[in-house]
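What follows is a short report on a single structure.
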Amino acid sequence: MTITFITGANKGLGRETARRLVELGHTVLVGARDPEQGTAAADALGARFVRIDVTDDASVAAAAADVAAHEGRIDVLVNNAGVAEPGADPAGLTAADALAVFDVNLFGVIRTTTAFLPLLRESADPVVVNVSSGLGSVAVTHEPDRVESTVVAPLYTSSKAALVMLTTQYAKAFKDIRVNAVDPGYTATDLNAHSGPQTVTEGTDAIVRLATEPVGSGTGRFIDRHGPVPW
C-alpha cells in the first residue's frame with residue numbers, strides 16, 4: 001500500500017489530489033493547518049487528517065512524529081501548500097511581504113521535506129512532488145502567447161522559480177529519492193479566485209502522474225499535464 005502525505009490538502013489542488021489517490025488505492029494523509037477543515041476533508045475522502053502548519057518548525061516536527069507513530073513511513077510526499085501574491089503595487093512590496101510568501105512556498109517545502117526525509121527513506125521507492133507553477137518558469141513567462149507572460153507577481157513567481165531550483169538540487173543531493181516539480185496549469189482554485197480555465201481534476205493530472213509513476217522513473221524534472229515544462 002502506497003502511503004502519501006499531502007500538505008495543504010483540505011481544499012483545491014491538494015484535496016483533489018487526495019481524492020484521486022485514495023481512489024487509486026493510496027493511503028492518504030491529509031495535511032492541513034485548520035483541524036476542523038482538515039478533519040472534514042479527510043473524513044469525506046476516506047483519508048486520515050494530520051495537522052501541519054508548514055511555516056512552523058514545531059508543527060512540522062509534530063506532524064512527522066505523528067506519521068512515524070501511526071504509519072512508520074511515507075512513500076510519496078506532495079508539497080502542495082502555497083500562498084498567492086499580496087494584493088499590493090509591486091513598487092510598495094516589503095521584505096516582510098516577501099518573507100510571508102517565501103515562508104510557505106519555499107521555506108515550508110524545506111521544513112517539510114527535511115522533517116519527512118527519515119520517513120521517506122523507510123520506503124522502497126520514495127517520491128517527492130513539489131507543486132510549483134508555470135509562473136516559476138523563466139521561459140514560460142517570456143512566451144507572448146502564454147497567459148503567464150501577462151502576470152506581474154514578483155514574489156509568487158520568484159518563490160516558485162526558487163522551488164524549481166530547489167527541486168533540481170534535491171534531486172542531485174538525494175540519489176535514493178525521486179524529486180520532481182509540477183506546473184498544475186491555470187486552474188480554478190481559491191488561490192486565483194477561481195478564475196482559471198482548468199478544473200481541479202485537470203490541474204492535478206501532473207501531480208497524480210508523478211505520485212503514481214513506476215519504480216525507476218526520472219528525477220529532477222519539471223512537468224505539466226502535457227509533458228516537460230521549459231526552465
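All residue names refer to the C-alpha cells as shown: chains lettered A, B, ... in order, residues numbered from 1 in each chain, ligands numbered from 1 in order.
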| What residues in range 41-78 of chain A get the DSSP label alpha helix (DSSP H)? Please answer as a ChimeraX atom specification. | /A:41-45,57-70
Dump as JSON lines the rows for residues of range 32-127 of chain A within 12 Å of range 131-142 of chain A: closest atom pair and distance in Å with one decimal, only C-alpha atoms counted, ordered by chain and rising residue number.
{"residue": "A:Leu77", "atom": "CA", "partner": "A:Val131", "partner_atom": "CA", "distance": 10.7}
{"residue": "A:Val78", "atom": "CA", "partner": "A:Val131", "partner_atom": "CA", "distance": 7.4}
{"residue": "A:Asn79", "atom": "CA", "partner": "A:Val131", "partner_atom": "CA", "distance": 6.0}
{"residue": "A:Asn80", "atom": "CA", "partner": "A:Val131", "partner_atom": "CA", "distance": 5.2}
{"residue": "A:Ala81", "atom": "CA", "partner": "A:Val131", "partner_atom": "CA", "distance": 8.1}
{"residue": "A:Gly82", "atom": "CA", "partner": "A:Val131", "partner_atom": "CA", "distance": 8.4}
{"residue": "A:Val83", "atom": "CA", "partner": "A:Ser132", "partner_atom": "CA", "distance": 11.3}
{"residue": "A:Ala84", "atom": "CA", "partner": "A:Ser133", "partner_atom": "CA", "distance": 11.4}
{"residue": "A:Glu85", "atom": "CA", "partner": "A:Leu135", "partner_atom": "CA", "distance": 11.8}
{"residue": "A:Val104", "atom": "CA", "partner": "A:Val131", "partner_atom": "CA", "distance": 11.8}
{"residue": "A:Asn105", "atom": "CA", "partner": "A:Ser132", "partner_atom": "CA", "distance": 8.4}
{"residue": "A:Leu106", "atom": "CA", "partner": "A:Ser132", "partner_atom": "CA", "distance": 9.7}
{"residue": "A:Gly108", "atom": "CA", "partner": "A:Val131", "partner_atom": "CA", "distance": 11.9}
{"residue": "A:Val109", "atom": "CA", "partner": "A:Val131", "partner_atom": "CA", "distance": 9.6}
| message | Give me, as number ranges by chain, the residues of range 122-176 of chain A that a backbone DSSP run labels strand (DSSP E or B). | response | A: 127-131
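Nearest to Pro230 in chain A of all the residues A:Asp66, A:Glu143, A:Glu213, A:Asp125 is A:Glu143, counting only C-alpha atoms.
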Using only C-alpha atoms, tabulate the residues of range 40-130 of chain A lying at most 10 Å from any atom of range 164-173 of chain A, each with its closest atom pair and that distance in Å to one decimal, by chain and increasing residue number, as CSV.
residue,atom,partner,partner_atom,distance
A:Leu106,CA,A:Leu166,CA,8.3
A:Val109,CA,A:Leu166,CA,9.2
A:Ile110,CA,A:Leu166,CA,8.6
A:Thr113,CA,A:Tyr170,CA,9.7
A:Val128,CA,A:Thr167,CA,8.9
A:Val129,CA,A:Thr167,CA,8.7
A:Asn130,CA,A:Thr167,CA,7.1
| Nearest residue to Pro228 in chain A from the set A:Ala206, A:Ala9, A:Val67, A:Leu29 (distances using only C-alpha atoms) | A:Ala206
| request: Could you tell me which of A:Ala91, A:Val30, A:Met1, A:Val76 comes closest to Ile207 in chain A if we count only C-alpha atoms? | output: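 With only C-alpha atoms as the atom set, the closest residue is A:Val76.
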Long-range neighbours of range 115-121 of chain A as a short mmCIF file (atom, residue, chain, number, x, y, z; two decimals) with C-alpha atoms, in the first residue's frame, 7 Å cut-off, only C-alpha atoms, 6 positions minimum in chain:
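Result written to selection.cif:
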data_model
loop_
_atom_site.label_atom_id
_atom_site.label_comp_id
_atom_site.auth_asym_id
_atom_site.auth_seq_id
_atom_site.Cartn_x
_atom_site.Cartn_y
_atom_site.Cartn_z
CA VAL A 60 6.08 20.22 11.05
CA ALA A 61 8.10 18.15 13.54
CA ALA A 64 6.33 13.90 11.14
CA ALA A 68 6.11 7.94 12.38
CA GLY A 72 6.01 4.39 10.18
CA ARG A 73 6.86 5.63 6.69
CA ILE A 74 5.61 7.55 3.68
CA ASP A 75 6.17 6.64 0.05
#
| task | For CA of Phe222 in chain A and CA of Val152 in chain A, determine how far apart the two atoms are, in Å to one decimal place. | result |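 The value is 21.8 Å.
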| Within 9 Å of Val208 in chain A, counting only C-alpha atoms, which residues qualify if same-chain residues fewer than 5 places away don't, as a ChimeraX atom specification? | /A:17,20-21,213
| Nearest to Lys175 in chain A among A:Ala44, A:Thr219, A:Phe102, A:Asp224, with distances taken over only C-alpha atoms: which residue is it? |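 Checking each candidate against Lys175 in chain A, we get A:Thr219 as the closest.
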| query | CA of Glu71 in chain A and CA of Ile3 in chain A are how many Å apart? | reply | 8.0 Å
